[in-house]
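Working notes for the structure below.
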Amino acid sequence: MDLKEIASILNTRFDAENFEIVGMNTLKNAKKNEISFVSNSKYIKDIQNSHAGAIIIDSVNAQFIPENCVALVVENPYWEMAILSKYFTPNIEDLDSLEPIIGEGSIISPKAEIAKGARIGKNCTILAHVYVGSNVIIGDNTVLYSGVVVYRDCKIGNDCMIHANSVIGSDGFGFATNTLGEHKKIYQNGNVIIENDVEIGSATTIDRAVFGSTIIKKGTRIDNLVQVGHNCEIGEYSVLVAQSGLAGSTKLGRNVVMGGQSATAGHIEIAPFTTCAARSGVTKSIKESGLTFGGFPLMEQKTWLKLQAKIARLLK
Amino acid sequence: MDLKEIASILNTRFDAENFEIVGMNTLKNAKKNEISFVSNSKYIKDIQNSHAGAIIIDSVNAQFIPENCVALVVENPYWEMAILSKYFTPNIEDLDSLEPIIGEGSIISPKAEIAKGARIGKNCTILAHVYVGSNVIIGDNTVLYSGVVVYRDCKIGNDCMIHANSVIGSDGFGFATNTLGEHKKIYQNGNVIIENDVEIGSATTIDRAVFGSTIIKKGTRIDNLVQVGHNCEIGEYSVLVAQSGLAGSTKLGRNVVMGGQSATAGHIEIAPFTTCAARSGVTKSIKESGLTFGGFPLMEQKTWLKLQAKIARLLK
Amino acid sequence: MDLKEIASILNTRFDAENFEIVGMNTLKNAKKNEISFVSNSKYIKDIQNSHAGAIIIDSVNAQFIPENCVALVVENPYWEMAILSKYFTPNIEDLDSLEPIIGEGSIISPKAEIAKGARIGKNCTILAHVYVGSNVIIGDNTVLYSGVVVYRDCKIGNDCMIHANSVIGSDGFGFATNTLGEHKKIYQNGNVIIENDVEIGSATTIDRAVFGSTIIKKGTRIDNLVQVGHNCEIGEYSVLVAQSGLAGSTKLGRNVVMGGQSATAGHIEIAPFTTCAARSGVTKSIKESGLTFGGFPLMEQKTWLKLQAKIARLLK
């Protein structure tokens, strides 16, 4: 889509040189042929350093647009970005792709659905009622149990095992809200990348990124009914116990343990070798490695245990 | 089924005029040709005002039965109602319905199952391994991702999107318990109604009503792994973040936000534009609009934050 | 597999008499033709009383091995046991079994998958996209809604109802971790046994045992999105409300109620007729019957209510 069309969709003035835009991206990652957006003055620095070809922006921040970048000035950039996201979303299934390619030794149930463009490695087992979306790539020796759904464009490594009815790559929970309280979907045009030797339990959900990728690094173990939000990055050999949840864009270092029913806020980072006890709630980044935390609000687990003893004494 | 048969199933005396009963319902909503029940003296007023044709009731409350209503007197009305509910439940699939009707432009995977009596609007996409039950009605432009299950008799509006492996209309968690501790299923003979422009994440469960409907109003956004109990009513543009849960018969006003892993008790009402922070637990109705709450027990979020600071100081 | 092969897989010395080993088991339950393991000095008594034919053990504990039992001495017994577990795991589907047997009056959707060796009783209903694994046994009058997955070797009784997209028998969350932080899967070679008259909601997950069985006793009611870990045992007529979770090897007595979003740690026992309120967290065994608990850390519910009142007063 060219920039003139985009300006017309967003109902905004356009008098710059026209060129082709191939996708949307963040200020940091957008390239010359991509469009980005900014909805918050705290990103002024990111505006100035962006390599985006164009930025959807409000009139207050428009002054910070770097040279060689086109400002598309609108009243509510986040809302307009949501509107535009629909135009960059691919079809749910890519009917123009080639027939799927299945590696030697792989057993695919005739009751599974393998969409066009998918490529499955060697010695995989894919049971009945699995759905593998368009252009999904799966490595060797990977097992997908019955009812697993992998949305289009996701990647799964070698030696992975995904248990029944888990969902890889469903849309992140993204929408803009206007002053009337109405919501507009932000289409999630990224994907999920699962590296080698990852095991995922049953009925777990891992959302695709809005831009870029949600990443589960090698050796990670995820239990049942776990939620991983869009754009999360889970470090090598991490362990997510049942019913834990990660909000969007959170990064775990390697060997982080999230206990049962624990959770994190979004956009935080947790240092390697951190253990978050069962039911703990992490709302701020954890910078020091190797500690054990508990409680909500979060504190060191040993502090939480002391505190609970003190609290119990309140009754006496 | 006629009243005489019902009395015989419930093993109770019946000497009134016999007539046809077409269904079961609450005291408030039951009509002349329906039967209701009461298991608690606090509903005396509802008994007196009921338009039910008959009421299953114990001997203590039988005196409050209004004129033109038949009392079926039993020892444990709730247990007997559970027994009777089975007789009013339709077959799991309605084999006598007409072949499903599919609107123009809709793409239905040959690996989806569309039961008899279902009607699907225009330009819908229904992927492999979706189950659409008997007599389900779906509007236009709606997308059901792989593995979505819609139980019989539910309704889904236009422009909805339901992500993989979510379940719409499974039975509410209803049963009677006798003095031996045994449980008797209360068949859930209501349905779920999802209005227009609703997006539901993956592996979320929305239970059908025991009587009447569980209702999700237009523009609502529901994330992954969310539980909505039977007979809930969710107001327009509400937002339910991942792993939150609503117990049965709870009503949210419009634009209510339930944070991640938050929850409500049953049978409460939450005022419009309320925000319940992540992990908050709501056990009483919220009457004032526009406030933000947190904690469990629930308090205003700003109070909760102050309280946590005070509690942390206990250690010093 | 014979003991000499096993010693060779584990890279350990073997100079005892060779014999056939048919499976792995716990110290307590292993028989003469099974191999067990011990990774913790606190199990010395169990070593001494074990009837296992062989035990994987470290050099410190090897002295406690009883007569007539072979010690396979390794550095990290838990890790080696994980390695060995793979050799005792059956194929995902048993292609050599007989064609499934379906009882009179049962309706099986042609879009369901019934693996070889499965036996389904009379008058069952199995909807589209259900997966019934190899050698699964299902009783009479049982209903499996669309998308239910039952892994191989599990057993389900009479008069059960399992709602859509629930998973019975997926692998328990078991792995060994070495000093580099890498994980090694412990194959879960047990099963799940569900007794008669059990109802399970939608998108609930019940993991198979590592050895032996995860057991759900008769009359139990389980809601949606509930997690039951491997080797749990749930007593008769227990009630697990939505989004509650049981960690592995926990035993509930009869008529235990676990409220919404409540949870238990692993390896504990909860006395019969205990009620754990919504969101309570049980970390120690409960020995006295008939009480109601709440909070996390857990206390009697009435104490928790008093304590919350006291805490609220801190702000004044």
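Chain lettering (A, B, ...) mirrors the order of the structure tokens, residue numbering begins at 1 for each chain separately, and ligand numbering begins at 1 in order of display.
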Select from region 65-134 of chain A every residue with an atom at most 12 Å from any atom of region 135-149 of chain C, then for each give the shortest pair of atoms and their distance in Å to one decimal, using only C-alpha atoms, rows by chain and rising number, as a Markdown table.
```
| residue | atom | partner | partner_atom | distance |
| --- | --- | --- | --- | --- |
| A:Leu127 | CA | C:Val149 | CA | 10.7 |
| A:Ala128 | CA | C:Val149 | CA | 9.9 |
| A:His129 | CA | C:Gly147 | CA | 8.2 |
| A:Val130 | CA | C:Gly147 | CA | 10.5 |
```
Can you tell me, as an MDAnalysis selection string, what residues are no more than 12 Å from region 115-120 of chain B when counting only C-alpha atoms, ignoring any on the same chain fewer than 2 positions away? (chainID B and resid 92:108 112:113 122:126 130:144 149:158) or (chainID C and resid 109 127:128 146)
I'd like a table as a Markdown table: residues in chain B with an atom no more than 8 Å from chain A, each row giving the shortest atom pair and its distance in Å to one decimal, only C-alpha atoms counted, sorted by chain and rising residue number.
```
| residue | atom | partner | partner_atom | distance |
| --- | --- | --- | --- | --- |
| B:Lys111 | CA | A:Lys111 | CA | 7.8 |
| B:Ala128 | CA | A:Glu113 | CA | 6.7 |
| B:His129 | CA | A:His129 | CA | 6.2 |
| B:Ser146 | CA | A:Val149 | CA | 6.7 |
| B:Gly147 | CA | A:Gly147 | CA | 6.8 |
| B:His163 | CA | A:Ser170 | CA | 6.5 |
| B:Ala164 | CA | A:Val167 | CA | 6.6 |
| B:Asn165 | CA | A:Asn165 | CA | 6.6 |
| B:Gly201 | CA | A:Asp171 | CA | 7.4 |
| B:Ser202 | CA | A:Thr205 | CA | 6.7 |
| B:Ala203 | CA | A:Ala203 | CA | 6.5 |
| B:Gly219 | CA | A:His183 | CA | 6.6 |
| B:Asp223 | CA | A:Phe173 | CA | 6.1 |
| B:Asn224 | CA | A:Thr205 | CA | 7.0 |
| B:Leu225 | CA | A:Leu225 | CA | 7.2 |
| B:Tyr237 | CA | A:Glu182 | CA | 6.1 |
| B:Ala242 | CA | A:Gln227 | CA | 7.2 |
| B:Gln243 | CA | A:Gln227 | CA | 7.7 |
| B:Asn255 | CA | A:Gly181 | CA | 6.7 |
| B:Gln308 | CA | A:Pro297 | CA | 7.4 |
| B:Ala312 | CA | A:Leu307 | CA | 7.6 |
| B:Leu314 | CA | A:Lys310 | CA | 7.2 |
| B:Leu315 | CA | A:Leu307 | CA | 6.3 |
```
Export C-alpha atoms of the chosen residues as a compact mmCIF listing (two decimals), in the first residue's frame?
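The result, stored in result.txt:
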```
# COMPACT_ATOMS: atom_id res chain seq x y z
CA LYS B 111 -13.29 -30.41 8.69
CA ALA B 128 -11.16 -26.77 10.71
CA HIS B 129 -12.34 -28.58 13.86
CA SER B 146 -9.87 -23.77 14.85
CA GLY B 147 -11.24 -25.78 17.75
CA HIS B 163 -10.02 -17.54 18.97
CA ALA B 164 -8.93 -21.12 18.98
CA ASN B 165 -10.29 -23.69 21.43
CA GLY B 201 -9.41 -14.97 23.08
CA SER B 202 -8.28 -18.57 23.04
CA ALA B 203 -9.22 -21.31 25.54
CA GLY B 219 -18.01 -4.37 21.70
CA ASP B 223 -8.76 -12.34 26.57
CA ASN B 224 -7.45 -15.91 26.88
CA LEU B 225 -8.33 -18.46 29.60
CA TYR B 237 -17.32 -2.54 25.72
CA ALA B 242 -6.48 -13.11 30.74
CA GLN B 243 -7.28 -15.66 33.46
CA ASN B 255 -16.91 -0.50 30.06
CA GLN B 308 0.45 -2.38 51.32
CA ALA B 312 5.49 -3.45 54.57
CA LEU B 314 5.27 -3.86 59.96
CA LEU B 315 8.62 -5.50 59.38
```
Nearby residues (only C-alpha atoms) at most 12 Å from Leu27 (chain B), same-chain spacing under 2 positions excluded, as a VMD selection string: chain B and resid 24 to 25 29 to 32 34 to 40 43 to 57 65 to 66 69 211
Can those selected residues be exported to a file as a tab-separated table (two decimals), in the first residue's frame so that it contains N, CA and C atoms?
```
chain	number	residue	atom	x	y	z
B	24	MET	N	-38.91	-25.02	32.54
B	24	MET	CA	-38.63	-24.59	33.91
B	24	MET	C	-38.09	-23.17	33.85
B	25	ASN	N	-38.31	-22.43	34.92
B	25	ASN	CA	-37.80	-21.07	34.91
B	25	ASN	C	-37.72	-20.54	36.34
B	29	ASN	N	-39.31	-15.11	36.25
B	29	ASN	CA	-39.52	-15.15	34.80
B	29	ASN	C	-40.49	-16.23	34.33
B	30	ALA	N	-40.86	-17.12	35.21
B	30	ALA	CA	-41.72	-18.23	34.78
B	30	ALA	C	-43.08	-17.72	34.33
B	31	LYS	N	-43.59	-18.34	33.26
B	31	LYS	CA	-44.93	-18.01	32.77
B	31	LYS	C	-45.90	-19.11	33.19
B	32	LYS	N	-47.13	-18.87	32.86
B	32	LYS	CA	-48.24	-19.78	33.20
B	32	LYS	C	-47.96	-21.23	32.84
B	34	GLU	N	-45.05	-22.67	32.66
B	34	GLU	CA	-43.73	-23.10	33.14
B	34	GLU	C	-43.81	-23.46	34.63
B	35	ILE	N	-42.84	-24.24	35.06
B	35	ILE	CA	-42.76	-24.61	36.46
B	35	ILE	C	-41.52	-23.95	37.07
B	36	SER	N	-41.65	-23.52	38.31
B	36	SER	CA	-40.51	-22.94	39.00
B	36	SER	C	-40.28	-23.69	40.31
B	37	PHE	N	-39.37	-23.15	41.14
B	37	PHE	CA	-39.04	-23.82	42.41
B	37	PHE	C	-38.57	-22.76	43.39
B	38	VAL	N	-38.65	-23.08	44.66
B	38	VAL	CA	-38.09	-22.17	45.66
B	38	VAL	C	-37.49	-23.01	46.78
B	39	SER	N	-36.27	-22.65	47.18
B	39	SER	CA	-35.59	-23.48	48.17
B	39	SER	C	-35.15	-22.63	49.36
B	40	ASN	N	-35.69	-21.42	49.48
B	40	ASN	CA	-35.15	-20.51	50.48
B	40	ASN	C	-36.24	-19.52	50.88
B	43	TYR	N	-37.15	-15.81	49.58
B	43	TYR	CA	-37.80	-15.49	48.31
B	43	TYR	C	-39.32	-15.43	48.41
B	44	ILE	N	-39.82	-15.27	49.64
B	44	ILE	CA	-41.28	-15.29	49.82
B	44	ILE	C	-42.00	-14.31	48.90
B	45	LYS	N	-41.44	-13.13	48.79
B	45	LYS	CA	-42.05	-12.11	47.94
B	45	LYS	C	-42.10	-12.58	46.48
B	46	ASP	N	-40.99	-13.20	46.03
B	46	ASP	CA	-40.95	-13.70	44.66
B	46	ASP	C	-41.98	-14.82	44.44
B	47	ILE	N	-42.22	-15.61	45.49
B	47	ILE	CA	-43.25	-16.65	45.37
B	47	ILE	C	-44.59	-15.98	45.11
B	48	GLN	N	-44.87	-14.99	45.97
B	48	GLN	CA	-46.19	-14.35	45.91
B	48	GLN	C	-46.44	-13.64	44.58
B	49	ASN	N	-45.37	-13.14	43.97
B	49	ASN	CA	-45.51	-12.40	42.71
B	49	ASN	C	-45.31	-13.26	41.47
B	50	SER	N	-45.02	-14.53	41.66
B	50	SER	CA	-44.67	-15.36	40.51
B	50	SER	C	-45.88	-15.65	39.62
B	51	HIS	N	-45.64	-15.70	38.32
B	51	HIS	CA	-46.68	-16.11	37.37
B	51	HIS	C	-46.51	-17.56	36.93
B	52	ALA	N	-45.65	-18.28	37.62
B	52	ALA	CA	-45.44	-19.70	37.26
B	52	ALA	C	-46.75	-20.47	37.37
B	53	GLY	N	-46.90	-21.47	36.53
B	53	GLY	CA	-48.07	-22.34	36.61
B	53	GLY	C	-48.00	-23.27	37.81
B	54	ALA	N	-46.78	-23.62	38.19
B	54	ALA	CA	-46.58	-24.50	39.35
B	54	ALA	C	-45.24	-24.18	39.98
B	55	ILE	N	-45.14	-24.47	41.25
B	55	ILE	CA	-43.88	-24.23	41.97
B	55	ILE	C	-43.55	-25.43	42.84
B	56	ILE	N	-42.31	-25.91	42.71
B	56	ILE	CA	-41.81	-26.97	43.59
B	56	ILE	C	-41.36	-26.29	44.89
B	57	ILE	N	-41.89	-26.74	45.99
B	57	ILE	CA	-41.76	-25.95	47.22
B	57	ILE	C	-41.81	-26.87	48.43
B	65	ILE	N	-47.84	-19.67	48.28
B	65	ILE	CA	-48.15	-19.89	46.86
B	65	ILE	C	-49.34	-19.01	46.45
B	66	PRO	N	-49.22	-18.28	45.35
B	66	PRO	CA	-50.34	-17.41	44.93
B	66	PRO	C	-51.49	-18.24	44.35
B	69	CYS	N	-51.81	-20.92	41.03
B	69	CYS	CA	-50.50	-21.57	40.91
B	69	CYS	C	-50.55	-22.86	41.71
B	211	PHE	N	-31.34	-21.09	33.21
B	211	PHE	CA	-32.57	-20.64	32.53
B	211	PHE	C	-32.20	-19.32	31.85
```
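Taking CA of Gly260 (chain B) and CA of Gly260 (chain A) as endpoints, the distance between them is 14.7 Å.
Secondary structure by DSSP on the backbone puts the following residues of region 70-114 of chain C in alpha helix (DSSP H): Pro77, Tyr78, Trp79, Glu80, Met81, Ala82, Ile83, Leu84 and Ser85 of chain C.
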Expected answer as a PDB file with C-alpha atoms, in the first residue's frame: strand (DSSP E) residues in region 69-141 of chain C:
```
ATOM      1  CA  VAL C  70      20.586 -54.462  42.460  1.00  0.00           C
ATOM      2  CA  ALA C  71      22.069 -51.007  43.011  1.00  0.00           C
ATOM      3  CA  LEU C  72      22.794 -49.048  39.829  1.00  0.00           C
ATOM      4  CA  VAL C  73      25.076 -46.384  41.199  1.00  0.00           C
ATOM      5  CA  ILE C 101     -15.002 -51.703  20.323  1.00  0.00           C
ATOM      6  CA  ILE C 102     -18.118 -49.553  20.556  1.00  0.00           C
ATOM      7  CA  ILE C 107     -23.244 -42.504  18.959  1.00  0.00           C
ATOM      8  CA  ILE C 108     -19.759 -41.707  17.748  1.00  0.00           C
ATOM      9  CA  GLU C 113     -10.971 -40.134  16.371  1.00  0.00           C
ATOM     10  CA  ILE C 114     -11.116 -43.372  18.304  1.00  0.00           C
ATOM     11  CA  ARG C 119     -13.328 -49.701  24.269  1.00  0.00           C
ATOM     12  CA  ILE C 120     -16.426 -47.558  24.631  1.00  0.00           C
ATOM     13  CA  THR C 125     -22.271 -39.839  22.971  1.00  0.00           C
ATOM     14  CA  ILE C 126     -18.959 -38.799  21.472  1.00  0.00           C
ATOM     15  CA  TYR C 131      -9.844 -37.837  20.515  1.00  0.00           C
ATOM     16  CA  VAL C 132      -9.929 -41.124  22.404  1.00  0.00           C
ATOM     17  CA  ILE C 137     -11.725 -47.611  28.361  1.00  0.00           C
ATOM     18  CA  ILE C 138     -14.978 -45.669  28.713  1.00  0.00           C
TER      19      ILE C 138
END
```
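Note that CA of Val192 (chain C) and CA of Leu84 (chain C) are 21.9 Å apart.
Between CA of Pro90 (chain B) and CA of Asp15 (chain B) lies a distance of 28.5 Å.
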